[in-house]
>>> print(open('model_20.cif').read())   # mmCIF, C-alpha atoms and all ligand atoms
data_final
loop_
_atom_site.group_PDB
_atom_site.id
_atom_site.type_symbol
_atom_site.label_atom_id
_atom_site.label_comp_id
_atom_site.auth_asym_id
_atom_site.auth_seq_id
_atom_site.Cartn_x
_atom_site.Cartn_y
_atom_site.Cartn_z
ATOM 1 C CA MET A 1 -10.553 -38.196 20.525
ATOM 2 C CA ALA A 2 -7.661 -36.269 22.051
ATOM 3 C CA ALA A 3 -8.305 -34.624 25.418
ATOM 4 C CA TYR A 4 -7.379 -30.996 24.906
ATOM 5 C CA ARG A 5 -6.111 -28.835 27.689
ATOM 6 C CA SER A 6 -8.360 -25.951 28.587
ATOM 7 C CA ILE A 7 -7.351 -22.334 28.031
ATOM 8 C CA GLY A 8 -5.073 -21.233 30.840
ATOM 9 C CA ASP A 9 -3.429 -24.660 31.003
ATOM 10 C CA GLU A 10 -0.582 -23.878 28.624
ATOM 11 C CA PRO A 11 2.136 -26.468 27.936
ATOM 12 C CA SER A 12 4.479 -24.320 30.039
ATOM 13 C CA ASP A 13 4.838 -20.812 31.355
ATOM 14 C CA ILE A 14 5.495 -18.378 28.504
ATOM 15 C CA GLY A 15 8.276 -16.812 30.617
ATOM 16 C CA GLU A 16 10.144 -20.136 30.463
ATOM 17 C CA MET A 17 9.827 -20.086 26.676
ATOM 18 C CA TYR A 18 11.389 -16.611 26.588
ATOM 19 C CA GLN A 19 14.253 -17.831 28.800
ATOM 20 C CA LEU A 20 14.804 -20.825 26.536
ATOM 21 C CA SER A 21 14.840 -18.549 23.494
ATOM 22 C CA TYR A 22 17.274 -16.068 25.027
ATOM 23 C CA THR A 23 19.591 -18.963 25.980
ATOM 24 C CA GLY A 24 19.467 -20.159 22.364
ATOM 25 C CA ILE A 25 20.124 -16.650 20.952
ATOM 26 C CA ASP A 26 23.200 -16.280 23.189
ATOM 27 C CA ALA A 27 24.451 -19.796 22.380
ATOM 28 C CA ILE A 28 24.362 -19.130 18.638
ATOM 29 C CA ASP A 29 25.913 -15.711 19.153
ATOM 30 C CA HIS A 30 28.799 -17.281 21.125
ATOM 31 C CA GLY A 31 29.379 -19.857 18.401
ATOM 32 C CA ASP A 32 28.475 -22.711 20.738
ATOM 33 C CA ASP A 33 29.281 -25.997 18.917
ATOM 34 C CA TYR A 34 26.006 -27.651 19.782
ATOM 35 C CA ALA A 35 23.997 -24.578 18.728
ATOM 36 C CA LEU A 36 25.841 -24.292 15.426
ATOM 37 C CA GLY A 37 25.355 -28.021 14.862
ATOM 38 C CA VAL A 38 21.593 -27.590 15.279
ATOM 39 C CA LEU A 39 21.679 -24.724 12.795
ATOM 40 C CA ALA A 40 23.770 -26.714 10.298
ATOM 41 C CA ASP A 41 21.285 -29.606 10.452
ATOM 42 C CA LEU A 42 18.430 -27.247 9.677
ATOM 43 C CA GLU A 43 20.017 -25.116 6.988
ATOM 44 C CA GLY A 44 19.901 -27.982 4.500
ATOM 45 C CA SER A 45 16.106 -27.869 4.678
ATOM 46 C CA VAL A 46 15.896 -24.273 3.456
ATOM 47 C CA PRO A 47 15.514 -24.949 -0.292
ATOM 48 C CA GLU A 48 12.701 -27.423 0.409
ATOM 49 C CA TRP A 49 11.058 -24.915 2.776
ATOM 50 C CA LEU A 50 11.186 -22.215 0.120
ATOM 51 C CA ARG A 51 9.659 -24.575 -2.423
ATOM 52 C CA VAL A 52 6.837 -25.654 -0.085
ATOM 53 C CA HIS A 53 6.039 -22.070 0.946
ATOM 54 C CA ARG A 54 5.869 -21.005 -2.656
ATOM 55 C CA GLU A 55 3.661 -23.964 -3.522
ATOM 56 C CA MET A 56 1.355 -23.096 -0.620
ATOM 57 C CA GLU A 57 1.167 -19.436 -1.646
ATOM 58 C CA HIS A 58 0.034 -20.569 -5.073
ATOM 59 C CA SER A 59 -2.687 -22.989 -3.975
ATOM 60 C CA PHE A 60 -6.249 -21.891 -3.368
ATOM 61 C CA PRO A 61 -7.563 -22.205 -0.760
ATOM 62 C CA SER A 62 -4.611 -22.613 1.597
ATOM 63 C CA PRO A 63 -4.299 -22.225 5.392
ATOM 64 C CA SER A 64 -1.864 -19.322 5.042
ATOM 65 C CA GLY A 65 -4.102 -17.346 2.687
ATOM 66 C CA ILE A 66 -7.588 -18.382 3.690
ATOM 67 C CA MET A 67 -8.423 -15.024 5.296
ATOM 68 C CA ARG A 68 -7.344 -13.023 2.241
ATOM 69 C CA CYS A 69 -10.040 -11.260 0.239
ATOM 70 C CA ARG A 70 -12.192 -13.718 -1.722
ATOM 71 C CA LEU A 71 -11.923 -11.714 -4.924
ATOM 72 C CA GLN A 72 -8.157 -11.388 -4.579
ATOM 73 C CA GLN A 73 -7.898 -15.180 -4.164
ATOM 74 C CA TRP A 74 -10.126 -15.663 -7.217
ATOM 75 C CA PHE A 75 -7.901 -13.434 -9.393
ATOM 76 C CA ASP A 76 -4.874 -15.435 -8.250
ATOM 77 C CA ALA A 77 -6.561 -18.824 -8.632
ATOM 78 C CA LYS A 78 -7.576 -17.903 -12.186
ATOM 79 C CA LYS A 79 -3.968 -16.869 -12.812
ATOM 80 C CA MET A 80 -5.041 -13.409 -13.932
ATOM 81 C CA LYS A 81 -2.144 -11.130 -14.667
ATOM 82 C CA PRO A 82 -1.465 -8.777 -11.745
ATOM 83 C CA ASP A 83 -1.948 -5.068 -12.504
ATOM 84 C CA GLN A 84 1.577 -4.463 -11.283
ATOM 85 C CA SER A 85 4.430 -6.803 -10.519
ATOM 86 C CA SER A 86 5.256 -7.680 -6.957
ATOM 87 C CA PRO A 87 7.902 -5.167 -5.792
ATOM 88 C CA ARG A 88 11.346 -6.757 -5.421
ATOM 89 C CA GLY A 89 11.499 -5.533 -1.833
ATOM 90 C CA TRP A 90 8.491 -7.716 -1.025
ATOM 91 C CA LYS A 91 10.143 -10.709 -2.666
ATOM 92 C CA VAL A 92 13.314 -10.231 -0.625
ATOM 93 C CA ARG A 93 11.336 -9.768 2.556
ATOM 94 C CA ARG A 94 9.238 -12.895 1.911
ATOM 95 C CA ALA A 95 12.309 -15.022 1.207
ATOM 96 C CA MET A 96 14.165 -13.664 4.241
ATOM 97 C CA GLY A 97 11.181 -14.524 6.415
ATOM 98 C CA ILE A 98 11.400 -18.148 5.283
ATOM 99 C CA ILE A 99 15.180 -18.312 5.476
ATOM 100 C CA SER A 100 15.033 -17.052 9.055
ATOM 101 C CA GLU A 101 12.925 -20.007 10.176
ATOM 102 C CA PRO A 102 15.880 -22.401 10.624
ATOM 103 C CA TYR A 103 17.607 -19.748 12.741
ATOM 104 C CA TRP A 104 14.660 -19.490 15.118
ATOM 105 C CA LEU A 105 14.228 -23.251 15.270
ATOM 106 C CA ALA A 106 17.945 -23.536 16.054
ATOM 107 C CA VAL A 107 17.444 -20.933 18.804
ATOM 108 C CA LEU A 108 14.726 -23.064 20.373
ATOM 109 C CA GLY A 109 16.677 -26.289 19.780
ATOM 110 C CA SER A 110 19.929 -25.019 21.243
ATOM 111 C CA GLY A 111 18.002 -23.475 24.114
ATOM 112 C CA GLY A 112 16.923 -26.987 25.084
ATOM 113 C CA ALA A 113 13.714 -27.716 23.146
ATOM 114 C CA ASP A 114 13.152 -31.118 21.620
ATOM 115 C CA LEU A 115 12.128 -30.268 18.069
ATOM 116 C CA ALA A 116 10.775 -32.572 15.441
ATOM 117 C CA MET A 117 10.901 -30.979 12.052
ATOM 118 C CA SER A 118 7.798 -31.353 10.068
ATOM 119 C CA ASN A 119 8.952 -32.225 6.612
ATOM 120 C CA LYS A 120 5.648 -33.663 5.636
ATOM 121 C CA LYS A 121 2.347 -32.249 4.553
ATOM 122 C CA PHE A 122 -0.834 -32.995 6.470
ATOM 123 C CA ASP A 123 -4.293 -33.106 4.927
ATOM 124 C CA CYS A 124 -6.298 -30.151 6.155
ATOM 125 C CA GLY A 125 -9.920 -30.733 5.228
ATOM 126 C CA PRO A 126 -10.908 -31.649 1.661
ATOM 127 C CA HIS A 127 -9.251 -28.674 -0.068
ATOM 128 C CA MET A 128 -6.060 -27.790 1.789
ATOM 129 C CA TRP A 129 -2.856 -29.171 3.219
ATOM 130 C CA ALA A 130 -0.804 -28.008 6.194
ATOM 131 C CA HIS A 131 2.946 -27.690 6.613
ATOM 132 C CA PRO A 132 3.724 -26.666 10.203
ATOM 133 C CA ASP A 133 7.215 -25.381 10.995
ATOM 134 C CA ALA A 134 7.904 -27.883 13.809
ATOM 135 C CA VAL A 135 6.503 -29.985 16.616
ATOM 136 C CA MET A 136 8.100 -29.177 19.973
ATOM 137 C CA ASN A 137 8.530 -31.627 22.857
ATOM 138 C CA GLY A 138 5.990 -33.862 21.097
ATOM 139 C CA GLU A 139 3.304 -31.655 22.584
ATOM 140 C CA PHE A 140 2.609 -28.607 20.446
ATOM 141 C CA LEU A 141 3.301 -26.882 17.141
ATOM 142 C CA VAL A 142 5.696 -24.010 16.557
ATOM 143 C CA GLU A 143 4.771 -21.346 14.027
ATOM 144 C CA ILE A 144 7.336 -18.706 13.118
ATOM 145 C CA LYS A 145 6.425 -15.449 11.409
ATOM 146 C CA SER A 146 8.434 -12.453 10.419
ATOM 147 C CA VAL A 147 6.361 -9.253 10.564
ATOM 148 C CA SER A 148 6.938 -5.607 9.725
ATOM 149 C CA GLY A 149 8.085 -3.283 12.489
ATOM 150 C CA TRP A 150 4.666 -1.680 12.443
ATOM 151 C CA GLY A 151 2.958 -5.058 12.916
ATOM 152 C CA TYR A 152 5.428 -6.025 15.643
ATOM 153 C CA ARG A 153 4.809 -2.884 17.600
ATOM 154 C CA LYS A 154 1.086 -3.407 17.266
ATOM 155 C CA ILE A 155 1.280 -6.924 18.669
ATOM 156 C CA LEU A 156 3.463 -5.757 21.579
ATOM 157 C CA GLU A 157 0.993 -3.018 22.419
ATOM 158 C CA SER A 158 -2.271 -4.816 21.791
ATOM 159 C CA TRP A 159 -4.320 -6.549 24.430
ATOM 160 C CA GLY A 160 -5.672 -9.272 22.151
ATOM 161 C CA GLY A 161 -2.416 -10.758 20.840
ATOM 162 C CA VAL A 162 -2.164 -12.584 17.542
ATOM 163 C CA GLU A 163 -5.890 -13.253 17.270
ATOM 164 C CA MET A 164 -6.593 -9.519 17.145
ATOM 165 C CA VAL A 165 -3.514 -8.247 15.327
ATOM 166 C CA GLU A 166 -2.622 -11.009 12.858
ATOM 167 C CA LYS A 167 -5.885 -12.799 12.206
ATOM 168 C CA GLY A 168 -4.481 -14.635 9.174
ATOM 169 C CA HIS A 169 -1.643 -16.101 11.270
ATOM 170 C CA TYR A 170 -4.100 -17.066 14.016
ATOM 171 C CA VAL A 171 -6.404 -18.880 11.596
ATOM 172 C CA GLN A 172 -3.465 -20.616 9.917
ATOM 173 C CA ALA A 173 -2.310 -21.902 13.320
ATOM 174 C CA GLN A 174 -5.824 -23.170 14.020
ATOM 175 C CA LEU A 175 -5.938 -25.059 10.740
ATOM 176 C CA TYR A 176 -2.524 -26.584 11.419
ATOM 177 C CA MET A 177 -3.706 -27.753 14.842
ATOM 178 C CA TYR A 178 -6.758 -29.242 13.166
ATOM 179 C CA ALA A 179 -4.616 -31.019 10.555
ATOM 180 C CA THR A 180 -2.127 -32.434 13.082
ATOM 181 C CA GLY A 181 -4.471 -33.012 16.042
ATOM 182 C CA MET A 182 -2.320 -30.770 18.254
ATOM 183 C CA PRO A 183 -3.897 -28.719 21.067
ATOM 184 C CA TRP A 184 -1.473 -25.748 21.203
ATOM 185 C CA THR A 185 0.787 -23.660 19.000
ATOM 186 C CA LEU A 186 3.750 -21.645 20.170
ATOM 187 C CA TYR A 187 3.645 -18.512 17.997
ATOM 188 C CA LEU A 188 7.007 -16.812 17.558
ATOM 189 C CA THR A 189 7.275 -13.531 15.720
ATOM 190 C CA TRP A 190 10.036 -10.999 15.228
ATOM 191 C CA PRO A 191 10.345 -7.687 13.392
ATOM 192 C CA ALA A 192 12.048 -7.631 10.007
ATOM 193 C CA ASP A 193 13.463 -4.180 10.835
ATOM 194 C CA PHE A 194 14.480 -4.381 14.510
ATOM 195 C CA GLY A 195 16.697 -1.269 14.664
ATOM 196 C CA GLN A 196 14.258 1.006 12.951
ATOM 197 C CA THR A 197 11.313 -0.218 15.027
ATOM 198 C CA GLN A 198 13.177 0.195 18.298
ATOM 199 C CA SER A 199 14.371 3.615 17.276
ATOM 200 C CA SER A 200 10.868 4.802 16.394
ATOM 201 C CA MET A 201 9.572 3.515 19.736
ATOM 202 C CA ARG A 202 12.376 5.302 21.587
ATOM 203 C CA GLN A 203 11.117 8.561 20.132
ATOM 204 C CA LYS A 204 7.804 8.095 21.961
ATOM 205 C CA LYS A 205 7.524 9.524 25.436
ATOM 206 C CA LYS A 206 5.930 6.406 26.828
ATOM 207 C CA TYR A 207 8.990 4.313 25.926
ATOM 208 C CA GLY A 208 11.816 6.809 26.314
ATOM 209 C CA LYS A 209 15.201 6.975 24.618
ATOM 210 C CA HIS A 210 16.693 4.049 26.569
ATOM 211 C CA TYR A 211 13.920 1.610 25.706
ATOM 212 C CA GLU A 212 15.186 -1.900 24.892
ATOM 213 C CA MET A 213 12.716 -3.629 22.635
ATOM 214 C CA GLN A 214 12.402 -7.391 23.070
ATOM 215 C CA PRO A 215 13.837 -9.220 20.031
ATOM 216 C CA LEU A 216 10.958 -11.645 19.672
ATOM 217 C CA TYR A 217 7.379 -12.057 20.759
ATOM 218 C CA LEU A 218 5.952 -15.376 21.962
ATOM 219 C CA GLU A 219 2.380 -16.397 22.554
ATOM 220 C CA TRP A 220 0.534 -19.630 23.232
ATOM 221 C CA ILE A 221 -2.344 -20.107 20.818
ATOM 222 C CA PRO A 222 -4.905 -22.589 22.120
ATOM 223 C CA ARG A 223 -6.900 -24.639 19.649
ATOM 224 C CA ASN A 224 -10.306 -23.099 18.986
ATOM 225 C CA GLU A 225 -12.963 -25.275 17.374
ATOM 226 C CA ASP A 226 -15.204 -22.360 16.308
ATOM 227 C CA THR A 227 -12.365 -20.766 14.342
ATOM 228 C CA ILE A 228 -11.506 -24.090 12.730
ATOM 229 C CA GLU A 229 -15.132 -24.569 11.668
ATOM 230 C CA MET A 230 -15.263 -21.035 10.245
ATOM 231 C CA ALA A 231 -12.013 -21.557 8.319
ATOM 232 C CA LEU A 232 -13.111 -24.903 6.867
ATOM 233 C CA GLU A 233 -16.397 -23.344 5.721
ATOM 234 C CA ARG A 234 -14.482 -20.480 4.181
ATOM 235 C CA ALA A 235 -12.269 -22.979 2.384
ATOM 236 C CA GLU A 236 -15.398 -24.568 0.871
ATOM 237 C CA MET A 237 -16.485 -21.146 -0.358
ATOM 238 C CA VAL A 238 -13.095 -20.269 -1.868
ATOM 239 C CA ALA A 239 -12.890 -23.697 -3.545
ATOM 240 C CA ALA A 240 -16.341 -23.127 -5.097
ATOM 241 C CA ASP A 241 -15.320 -19.590 -6.188
ATOM 242 C CA LYS A 242 -12.335 -21.071 -7.977
ATOM 243 C CA LEU A 243 -14.542 -23.340 -10.089
ATOM 244 C CA SER A 244 -16.776 -20.467 -11.153
ATOM 245 C CA ASN A 245 -16.091 -18.016 -13.968
ATOM 246 C CA GLU A 246 -18.139 -15.402 -12.136
ATOM 247 C CA PRO A 247 -15.986 -13.290 -9.822
ATOM 248 C CA PRO A 248 -17.053 -13.472 -6.159
ATOM 249 C CA PRO A 249 -17.853 -10.249 -4.296
ATOM 250 C CA ARG A 250 -14.917 -8.291 -3.028
ATOM 251 C CA GLU A 251 -14.509 -8.115 0.738
ATOM 252 C CA PHE A 252 -12.889 -4.695 1.112
ATOM 253 C CA ALA A 253 -13.464 -1.213 -0.234
ATOM 254 C CA GLY A 254 -10.832 -1.110 -2.991
ATOM 255 C CA VAL A 255 -9.231 1.975 -1.448
ATOM 256 C CA GLU A 256 -5.513 2.460 -2.097
ATOM 257 C CA TYR A 257 -4.714 5.267 0.367
ATOM 258 C CA ARG A 258 -6.100 6.261 3.753
ATOM 259 C CA THR A 259 -7.127 9.834 4.428
ATOM 260 C CA ASP A 260 -3.771 10.472 6.159
ATOM 261 C CA GLY A 261 -1.981 9.533 2.902
ATOM 262 C CA ARG A 262 -0.693 6.143 4.053
ATOM 263 C CA ARG A 263 -1.393 3.010 2.053
ATOM 264 C CA ALA A 264 -4.569 1.299 3.148
ATOM 265 C CA TRP A 265 -4.528 -2.349 4.167
ATOM 266 C CA PRO A 266 -5.207 -4.622 2.311
ATOM 267 C CA CYS A 267 -6.251 -2.947 -0.943
ATOM 268 C CA GLY A 268 -3.278 -0.568 -1.090
ATOM 269 C CA TYR A 269 -1.056 -3.654 -1.266
ATOM 270 C CA CYS A 270 -3.265 -5.717 -3.587
ATOM 271 C CA LEU A 271 -1.764 -6.493 -6.991
ATOM 272 C CA HIS A 272 -5.269 -6.689 -8.509
ATOM 273 C CA LEU A 273 -6.554 -3.313 -7.290
ATOM 274 C CA ALA A 274 -7.122 -1.814 -10.746
ATOM 275 C CA LYS A 275 -9.034 -4.876 -12.022
ATOM 276 C CA CYS A 276 -11.071 -4.962 -8.831
ATOM 277 C CA ASN A 277 -12.155 -1.326 -9.187
ATOM 278 C CA ASP A 278 -12.796 -1.806 -12.924
ATOM 279 C CA LEU A 279 -15.189 -4.634 -12.066
ATOM 280 C CA ILE A 280 -17.140 -2.489 -9.627
ATOM 281 C CA ARG A 281 -17.237 0.430 -12.107
ATOM 282 C CA LYS A 282 -18.590 -1.891 -14.767
ATOM 283 C CA GLU A 283 -21.263 -3.270 -12.445
ATOM 284 C CA VAL A 284 -22.365 0.234 -11.537
ATOM 285 C CA GLU A 285 -22.415 1.391 -15.171
ATOM 286 C CA THR A 286 -24.398 -1.632 -16.361
ATOM 287 C CA GLY A 287 -26.842 -1.371 -13.476
ATOM 288 C CA GLU A 288 -25.810 -4.771 -12.113
ATOM 289 C CA SER A 289 -24.731 -3.296 -8.814
ATOM 290 C CA ASP A 290 -26.569 -2.436 -5.617
ATOM 291 C CA ILE A 291 -24.462 0.722 -5.523
ATOM 292 C CA THR A 292 -26.260 3.810 -6.828
ATOM 293 C CA PHE A 293 -25.060 7.355 -7.334
ATOM 294 C CA VAL A 294 -27.353 10.046 -5.892
HETATM 295 S S1 LIG B 1 -8.359 -4.436 -4.096
HETATM 296 FE FE1 LIG B 1 -9.130 -5.020 -2.087
HETATM 297 S S2 LIG B 1 -11.256 -5.645 -2.430
HETATM 298 FE FE2 LIG B 1 -10.212 -5.642 -4.413
HETATM 299 S S3 LIG B 1 -9.480 -7.714 -4.748
HETATM 300 FE FE3 LIG B 1 -7.826 -6.585 -3.790
HETATM 301 S S4 LIG B 1 -8.069 -6.918 -1.602
HETATM 302 FE FE4 LIG B 1 -9.992 -7.488 -2.576
#
>>> encode(input="model_20.cif", output="structure tokens")
Amino acid sequence: MAAYRSIGDEPSDIGEMYQLSYTGIDAIDHGDDYALGVLADLEGSVPEWLRVHREMEHSFPSPSGIMRCRLQQWFDAKKMKPDQSSPRGWKVRRAMGIISEPYWLAVLGSGGADLAMSNKKFDCGPHMWAHPDAVMNGEFLVEIKSVSGWGYRKILESWGGVEMVEKGHYVQAQLYMYATGMPWTLYLTWPADFGQTQSSMRQKKKYGKHYEMQPLYLEWIPRNEDTIEMALERAEMVAADKLSNEPPPREFAGVEYRTDGRRAWPCGYCLHLAKCNDLIRKEVETGESDITFV
């Protein structure tokens, strides 16, 4: 069994990883031949990446979606028609997130990292497979995520990092470490709307109008056996849900908007919201629900 480093014994100082990344960003910006060569080598992998991501998004359970609502996963696994089509803006954003991965890997590669691209799938328990973005220096995984400006700001300001702010990403990284036997993941995230996010932060007194937002956020995620166990158990549950014609219980309140008028996460963004609330209404009307009206 591999001897895992303990928490606090990261593969290297996170500051060094930032330096490496900034060197790579500048090298690509200057048109450095080596940097552009790294990028050219990676760009050819984009169509395959897009295909694999799409395949993963449409398998149930999967490491990237395991923390999604059980009922939402059941609707998708049963191929039930969404109540509304996925907005085109989401599709563009999702594709751009994937297309940006070679850029960030080229940043790390031209900054000096030794990257092995993971073009293969790894078994991840009995029901899932893993497709990590890369293995770096033969020592740890790299996971790249594009997030909204709102999510980016939250992770910059939070004390708990990715585990607290992007639980789904954290659990996915854990499952990938389980599947590959790796002890650490370097998590790299960046905001899809840099200018707008920086500008909104500059309007806050605590940042001020000259605030320079960092272009990426890095964090070491150590392997955590308890989370892996939880995720594998959840995968068992989702796999059993999929075989059943009975819908599983929903895991959120089915509320579209918060009291301040903003869309509520996750139900406000769920393509099965109407069906989900119809199910609950039916259960209440037929007396099959624990919910009672007083
Ligand atoms: S609306 Fe909310 S509770 Fe219902 S299926 Fe979607 S995510 Fe789950």
>>> residues_near_ligand(input="model_20.cif", ligand="ligand LIG 1 (chain B)", cutoff="9 Å", atoms="only C-alpha atoms and all ligand atoms", output="ChimeraX atom specification")
/A:68-75,249-256,265-277
>>> residues_around(input="model_20.cif", residues="A:Pro11", least_positions_apart="6", cutoff="9 Å", atoms="only C-alpha atoms", output="PyMOL selection string")
chain A and resi 5+139-140+184+220
>>> residues_around(input="model_20.cif", residues="A:His169", least_positions_apart="2", cutoff="10 Å", atoms="all atoms listed in the file", output="PDB file with C-alpha atoms, in the coordinates of the input")
ATOM      1  CA  PRO A  63      -4.299 -22.225   5.392  1.00  0.00           C
ATOM      2  CA  SER A  64      -1.864 -19.322   5.042  1.00  0.00           C
ATOM      3  CA  GLY A  65      -4.102 -17.346   2.687  1.00  0.00           C
ATOM      4  CA  ILE A  66      -7.588 -18.382   3.690  1.00  0.00           C
ATOM      5  CA  MET A  67      -8.423 -15.024   5.296  1.00  0.00           C
ATOM      6  CA  GLU A 143       4.771 -21.346  14.027  1.00  0.00           C
ATOM      7  CA  ILE A 144       7.336 -18.706  13.118  1.00  0.00           C
ATOM      8  CA  LYS A 145       6.425 -15.449  11.409  1.00  0.00           C
ATOM      9  CA  VAL A 162      -2.164 -12.584  17.542  1.00  0.00           C
ATOM     10  CA  GLU A 163      -5.890 -13.253  17.270  1.00  0.00           C
ATOM     11  CA  VAL A 165      -3.514  -8.247  15.327  1.00  0.00           C
ATOM     12  CA  GLU A 166      -2.622 -11.009  12.858  1.00  0.00           C
ATOM     13  CA  LYS A 167      -5.885 -12.799  12.206  1.00  0.00           C
ATOM     14  CA  VAL A 171      -6.404 -18.880  11.596  1.00  0.00           C
ATOM     15  CA  GLN A 172      -3.465 -20.616   9.917  1.00  0.00           C
ATOM     16  CA  ALA A 173      -2.310 -21.902  13.320  1.00  0.00           C
ATOM     17  CA  GLN A 174      -5.824 -23.170  14.020  1.00  0.00           C
ATOM     18  CA  LEU A 175      -5.938 -25.059  10.740  1.00  0.00           C
ATOM     19  CA  TYR A 187       3.645 -18.512  17.997  1.00  0.00           C
TER      20      TYR A 187
END
>>> closest_residue(input="model_20.cif", among="A:Gly24, A:Pro247, A:Gly208, A:Gly97", to="A:Glu283", atoms="all atoms listed in the file")
A:Pro247
>>> residues_around(input="model_20.cif", residues="A:Ala179", least_positions_apart="4", cutoff="7 Å", atoms="all atoms listed in the file", output="JSON, numbers by chain")
{"A": [122, 123, 124, 130, 175]}
>>> atom_distance(input="model_20.cif", atom1="atom CA of A:Ile155", atom2="atom CA of A:Val142")
17.8 Å
>>> atom_distance(input="model_20.cif", atom1="atom CA of A:Thr180", atom2="atom CA of A:Ile228")
12.6 Å
>>> closest_residue(input="model_20.cif", among="A:Gln198, A:Glu219, A:Leu279, A:Glu229", to="A:Pro248", atoms="all atoms listed in the file")
A:Leu279
>>> build_atoms(input="model_20.cif", residues="stretch 185-196 of chain A", atoms="N, CA and C atoms", output="PDB file, keeping the file's coordinate frame")
ATOM      1  N   THR A 185      -0.290 -24.131  19.877  1.00  0.00           N
ATOM      2  CA  THR A 185       0.787 -23.660  19.000  1.00  0.00           C
ATOM      3  C   THR A 185       1.584 -22.596  19.736  1.00  0.00           C
ATOM      4  N   LEU A 186       2.893 -22.728  19.675  1.00  0.00           N
ATOM      5  CA  LEU A 186       3.750 -21.645  20.170  1.00  0.00           C
ATOM      6  C   LEU A 186       4.007 -20.720  18.985  1.00  0.00           C
ATOM      7  N   TYR A 187       3.500 -19.499  19.069  1.00  0.00           N
ATOM      8  CA  TYR A 187       3.645 -18.512  17.997  1.00  0.00           C
ATOM      9  C   TYR A 187       4.866 -17.662  18.309  1.00  0.00           C
ATOM     10  N   LEU A 188       5.780 -17.593  17.358  1.00  0.00           N
ATOM     11  CA  LEU A 188       7.007 -16.812  17.558  1.00  0.00           C
ATOM     12  C   LEU A 188       7.085 -15.795  16.424  1.00  0.00           C
ATOM     13  N   THR A 189       7.136 -14.538  16.772  1.00  0.00           N
ATOM     14  CA  THR A 189       7.275 -13.531  15.720  1.00  0.00           C
ATOM     15  C   THR A 189       8.380 -12.540  16.073  1.00  0.00           C
ATOM     16  N   TRP A 190       8.917 -11.940  15.051  1.00  0.00           N
ATOM     17  CA  TRP A 190      10.036 -10.999  15.228  1.00  0.00           C
ATOM     18  C   TRP A 190       9.950  -9.949  14.134  1.00  0.00           C
ATOM     19  N   PRO A 191      10.472  -8.752  14.389  1.00  0.00           N
ATOM     20  CA  PRO A 191      10.345  -7.687  13.392  1.00  0.00           C
ATOM     21  C   PRO A 191      11.442  -7.761  12.340  1.00  0.00           C
ATOM     22  N   ALA A 192      11.062  -7.583  11.086  1.00  0.00           N
ATOM     23  CA  ALA A 192      12.048  -7.631  10.007  1.00  0.00           C
ATOM     24  C   ALA A 192      13.038  -6.471  10.129  1.00  0.00           C
ATOM     25  N   ASP A 193      12.604  -5.367  10.728  1.00  0.00           N
ATOM     26  CA  ASP A 193      13.463  -4.180  10.835  1.00  0.00           C
ATOM     27  C   ASP A 193      13.604  -3.770  12.308  1.00  0.00           C
ATOM     28  N   PHE A 194      14.359  -4.578  13.061  1.00  0.00           N
ATOM     29  CA  PHE A 194      14.480  -4.381  14.510  1.00  0.00           C
ATOM     30  C   PHE A 194      14.965  -2.975  14.888  1.00  0.00           C
ATOM     31  N   GLY A 195      16.087  -2.551  14.282  1.00  0.00           N
ATOM     32  CA  GLY A 195      16.697  -1.269  14.664  1.00  0.00           C
ATOM     33  C   GLY A 195      15.765  -0.096  14.435  1.00  0.00           C
ATOM     34  N   GLN A 196      15.131  -0.118  13.279  1.00  0.00           N
ATOM     35  CA  GLN A 196      14.258   1.006  12.951  1.00  0.00           C
ATOM     36  C   GLN A 196      13.027   1.035  13.869  1.00  0.00           C
TER      37      GLN A 196
END
